[in-house]
Amino acid sequence: MIEVSLYKEWSKGMAPIQKVSNYLVNNAEAIIRDITDTALDNLSINLSPEDLEHAIQKNVQFLVLLSESLQDSKESAEEVLKEWSKQNGEEEARVFHQFSSVIKPYAVNRLLFLQKISQISMEHGLSTEDVVKVNNRFCYLMDISMSETIQAYEMYRDKLMKDHQREINELSAPIVPIQDGVAVLPLIGAIDYTRVQHLLNYVVPSIPNLKVDHLIIDFSGILAIDTEIAQHIFTIHNVLGLLGIHVLFSGIRPNLSMTVVKAGIDFTSFDTYGSVKQAIDSLK
């Protein structure tokens, strides 16, 4: 009997909040459009009609999720909102929106949003305690949503940048067959740790499949190289040598030679040439 009494008391306390929840869900679009009109009067944001409508519909979804959360446990509401926010963050990253366009109006929009919710709550007869309860729930979930959106955005963009870097590495270190058994690996641009790892993990393992007996590694297009990277490059020479591939170096300019010397690498036993042509001629 005590449990039933407590449940009735809880249900009675929740009834006004549930009434507000239902109202917010049923009128979400009108509420968001009203808030948006006020926000546009207070913020200098240039949006195309299409982008504006897209933002409105996104915020309608957001308001519905927040409103429905008033009838759920805090934990279940948080999980639903996290998943929505993750998808939202990835979408923003896919269309290359600057995240500042999301962050910049957040403070003003949040204030207008909470003012509107408070007004609606009071119009539906909620006590001051219940208004605070609703606002606290919304504030918490809005912060969770923003955090999750930022994280998803950053993760997607980081993955995109890594994919682009891998494509750049593949284009900047192609293996070019020039005659039977002979190929050239031209190194272009600045050689850093990431590119060296690409060479070691992707380029070197593919060379034996090309049936290459002689590989000319050409440094003519190298802009800069440090001593640690120089050591990795000559490690590649030794690895290919163990695979039975004759490695020749070409295009090592004086500044690169100094870097090699500073790295403590003795390349007097290596086949080095001033140009790719000279290296090819040496094989005839």
# chains A, B, ... in the order shown; residues from 1 in each chain; ligands from 1
>>> select_by_dssp(residues="stretch 46-261 of chain A", states="strand (DSSP E)", output="number ranges by chain")
A: 176-179, 182-190, 214-224, 246-250
>>> residues_around(residues="stretch 146-148 of chain A", least_positions_apart="5", cutoff="10 Å", atoms="only C-alpha atoms", output="list of chain:residue names")
A:Leu81, A:Lys82, A:Glu83, A:Trp84, A:Ser85, A:Lys86, A:Gln87, A:Asn88, A:Gly89, A:Val102, A:Ile103, A:Tyr106, A:Leu141, A:Tyr153, A:Glu154
>>> write_last_selection(atoms="N, CA, C and O atoms", output="short mmCIF file (atom, residue, chain, number, x, y, z; two decimals), in the first residue's frame")
data_model
loop_
_atom_site.label_atom_id
_atom_site.label_comp_id
_atom_site.auth_asym_id
_atom_site.auth_seq_id
_atom_site.Cartn_x
_atom_site.Cartn_y
_atom_site.Cartn_z
N LEU A 81 20.25 10.71 -26.95
CA LEU A 81 20.75 12.01 -27.40
C LEU A 81 22.20 11.91 -27.87
O LEU A 81 22.61 12.59 -28.81
N LYS A 82 22.98 11.06 -27.22
CA LYS A 82 24.37 10.86 -27.63
C LYS A 82 24.44 10.32 -29.06
O LYS A 82 25.26 10.77 -29.87
N GLU A 83 23.61 9.35 -29.36
CA GLU A 83 23.61 8.76 -30.70
C GLU A 83 23.19 9.79 -31.74
O GLU A 83 23.79 9.88 -32.82
N TRP A 84 22.17 10.57 -31.43
CA TRP A 84 21.73 11.62 -32.35
C TRP A 84 22.84 12.65 -32.56
O TRP A 84 23.09 13.09 -33.68
N SER A 85 23.49 13.04 -31.50
CA SER A 85 24.55 14.06 -31.57
C SER A 85 25.75 13.55 -32.34
O SER A 85 26.40 14.31 -33.08
N LYS A 86 26.05 12.28 -32.21
CA LYS A 86 27.16 11.69 -32.96
C LYS A 86 26.88 11.77 -34.46
O LYS A 86 27.74 12.16 -35.25
N GLN A 87 25.67 11.40 -34.86
CA GLN A 87 25.29 11.48 -36.27
C GLN A 87 25.32 12.93 -36.76
O GLN A 87 25.75 13.21 -37.88
N ASN A 88 24.90 13.85 -35.91
CA ASN A 88 24.89 15.26 -36.27
C ASN A 88 26.32 15.78 -36.48
O ASN A 88 26.60 16.51 -37.43
N GLY A 89 27.23 15.39 -35.58
CA GLY A 89 28.62 15.82 -35.70
C GLY A 89 29.27 15.29 -36.96
O GLY A 89 30.01 16.01 -37.64
N VAL A 102 28.77 26.34 -35.61
CA VAL A 102 27.90 25.67 -34.65
C VAL A 102 28.11 26.25 -33.25
O VAL A 102 27.15 26.49 -32.51
N ILE A 103 29.36 26.49 -32.90
CA ILE A 103 29.70 26.95 -31.56
C ILE A 103 29.31 28.41 -31.32
O ILE A 103 28.80 28.77 -30.27
N TYR A 106 25.89 29.31 -30.04
CA TYR A 106 25.37 28.36 -29.04
C TYR A 106 24.87 29.06 -27.77
O TYR A 106 23.79 28.77 -27.27
N LEU A 141 21.40 17.87 -20.75
CA LEU A 141 21.38 17.13 -22.00
C LEU A 141 21.93 17.96 -23.17
O LEU A 141 22.56 17.42 -24.08
N TYR A 153 32.53 15.13 -34.54
CA TYR A 153 33.04 15.99 -35.61
C TYR A 153 34.55 15.84 -35.74
O TYR A 153 35.08 15.65 -36.83
N GLU A 154 35.25 15.92 -34.60
CA GLU A 154 36.71 15.84 -34.62
C GLU A 154 37.19 14.46 -35.09
O GLU A 154 38.16 14.36 -35.85
#
>>> closest_residue(among="A:Tyr140, A:Phe113, A:Phe249, A:Phe219", to="A:Leu24", atoms="only C-alpha atoms")
A:Phe113
>>> residues_around(residues="A:Pro177", least_positions_apart="3", cutoff="12 Å", atoms="only C-alpha atoms", output="list in words")
Pro174, Asp180, Gly181, Val182, Ala183, Val184, Leu185, Pro186, Ile207, Leu210, Lys211, Val212, Asp213, His214, Leu215, Ile216 and Ile280 of chain A
>>> closest_residue(among="A:Val260, A:Leu243, A:Val204, A:Ile217", to="A:Ile229", atoms="only C-alpha atoms")
A:Val260
>>> closest_residue(among="A:Glu68, A:Glu123, A:Asp192, A:Glu75", to="A:Asp226", atoms="only C-alpha atoms")
A:Asp192
>>> residues_around(residues="A:His124", least_positions_apart="2", cutoff="10 Å", atoms="only C-alpha atoms", output="list of chain:residue names")
A:Pro16, A:Ile17, A:Lys19, A:Val20, A:Tyr23, A:Ser118, A:Gln119, A:Ile120, A:Ser121, A:Met122, A:Leu126, A:Ser127
>>> write_last_selection(atoms="N, CA and C atoms", output="compact mmCIF listing (two decimals), in the first residue's frame")
# COMPACT_ATOMS: atom_id res chain seq x y z
N PRO A 16 2.12 17.41 -14.51
CA PRO A 16 2.31 18.71 -15.17
C PRO A 16 3.52 18.71 -16.11
N ILE A 17 4.60 18.06 -15.70
CA ILE A 17 5.79 18.00 -16.54
C ILE A 17 5.51 17.19 -17.79
N LYS A 19 2.65 16.91 -19.19
CA LYS A 19 1.79 17.76 -20.03
C LYS A 19 2.64 18.74 -20.85
N VAL A 20 3.68 19.31 -20.21
CA VAL A 20 4.60 20.21 -20.92
C VAL A 20 5.36 19.44 -21.98
N TYR A 23 3.19 18.91 -24.96
CA TYR A 23 3.00 20.17 -25.69
C TYR A 23 4.23 20.49 -26.53
N SER A 118 10.99 27.92 -20.30
CA SER A 118 10.50 28.40 -18.99
C SER A 118 9.13 29.05 -19.14
N GLN A 119 8.97 29.85 -20.18
CA GLN A 119 7.69 30.53 -20.43
C GLN A 119 6.57 29.50 -20.62
N ILE A 120 6.83 28.50 -21.46
CA ILE A 120 5.83 27.47 -21.74
C ILE A 120 5.52 26.68 -20.47
N SER A 121 6.55 26.38 -19.69
CA SER A 121 6.35 25.62 -18.45
C SER A 121 5.47 26.38 -17.48
N MET A 122 5.72 27.66 -17.33
CA MET A 122 4.90 28.47 -16.40
C MET A 122 3.47 28.62 -16.92
N LEU A 126 3.37 24.90 -14.16
CA LEU A 126 4.43 24.23 -13.42
C LEU A 126 4.90 25.10 -12.26
N SER A 127 5.20 24.48 -11.16
CA SER A 127 5.74 25.20 -10.02
C SER A 127 7.16 25.67 -10.34
>>> atom_distance(atom1="atom CA of A:His198", atom2="atom CA of A:Gly221")
17.4 Å
>>> residues_around(residues="A:Leu111", least_positions_apart="4", cutoff="12 Å", atoms="only C-alpha atoms", output="number ranges by chain")
A: 35, 38-39, 42, 105-107, 115-118, 135, 138-139, 142
>>> atom_distance(atom1="atom CA of A:Val176", atom2="atom CA of A:Gln231")
23.5 Å
>>> closest_residue(among="A:Ile191, A:Leu70, A:Val80, A:Val108", to="A:Gln18", atoms="only C-alpha atoms")
A:Leu70
>>> residues_around(residues="A:Gln71", least_positions_apart="6", cutoff="10 Å", atoms="only C-alpha atoms", output="ChimeraX atom specification")
/A:14-15,17-18,21-22,77
>>> residues_around(residues="A:Leu256", least_positions_apart="2", cutoff="10 Å", atoms="only C-alpha atoms", output="tab-separated table (two decimals) with C-alpha atoms, in the first residue's frame")
chain	number	residue	atom	x	y	z
A	219	PHE	CA	66.24	12.15	-53.85
A	220	SER	CA	66.10	14.95	-56.45
A	222	ILE	CA	63.42	16.10	-51.60
A	223	LEU	CA	63.02	19.48	-49.90
A	224	ALA	CA	64.26	18.56	-46.45
A	225	ILE	CA	65.22	15.57	-44.35
A	226	ASP	CA	66.45	15.19	-40.79
A	227	THR	CA	68.96	12.75	-39.33
A	230	ALA	CA	67.80	9.64	-43.02
A	251	GLY	CA	70.02	12.94	-56.75
A	252	ILE	CA	71.55	13.31	-53.28
A	253	ARG	CA	72.38	17.00	-53.11
A	254	PRO	CA	75.11	18.47	-50.84
A	258	MET	CA	75.51	16.68	-44.84
A	259	THR	CA	72.40	15.34	-43.11
A	260	VAL	CA	73.45	11.78	-43.89
A	261	VAL	CA	76.95	12.41	-42.51
A	262	LYS	CA	75.50	13.95	-39.33
>>> closest_residue(among="A:Thr268, A:Ser275, A:Asn27, A:Asn255", to="A:Leu63", atoms="only C-alpha atoms")
A:Asn27
>>> select_by_dssp(residues="stretch 6-251 of chain A", states="alpha helix (DSSP H)", output="PyMOL selection string")
chain A and resi 6-26+28-42+49-69+74-94+100-103+106-123+128-172+193-198+204-206+227-242
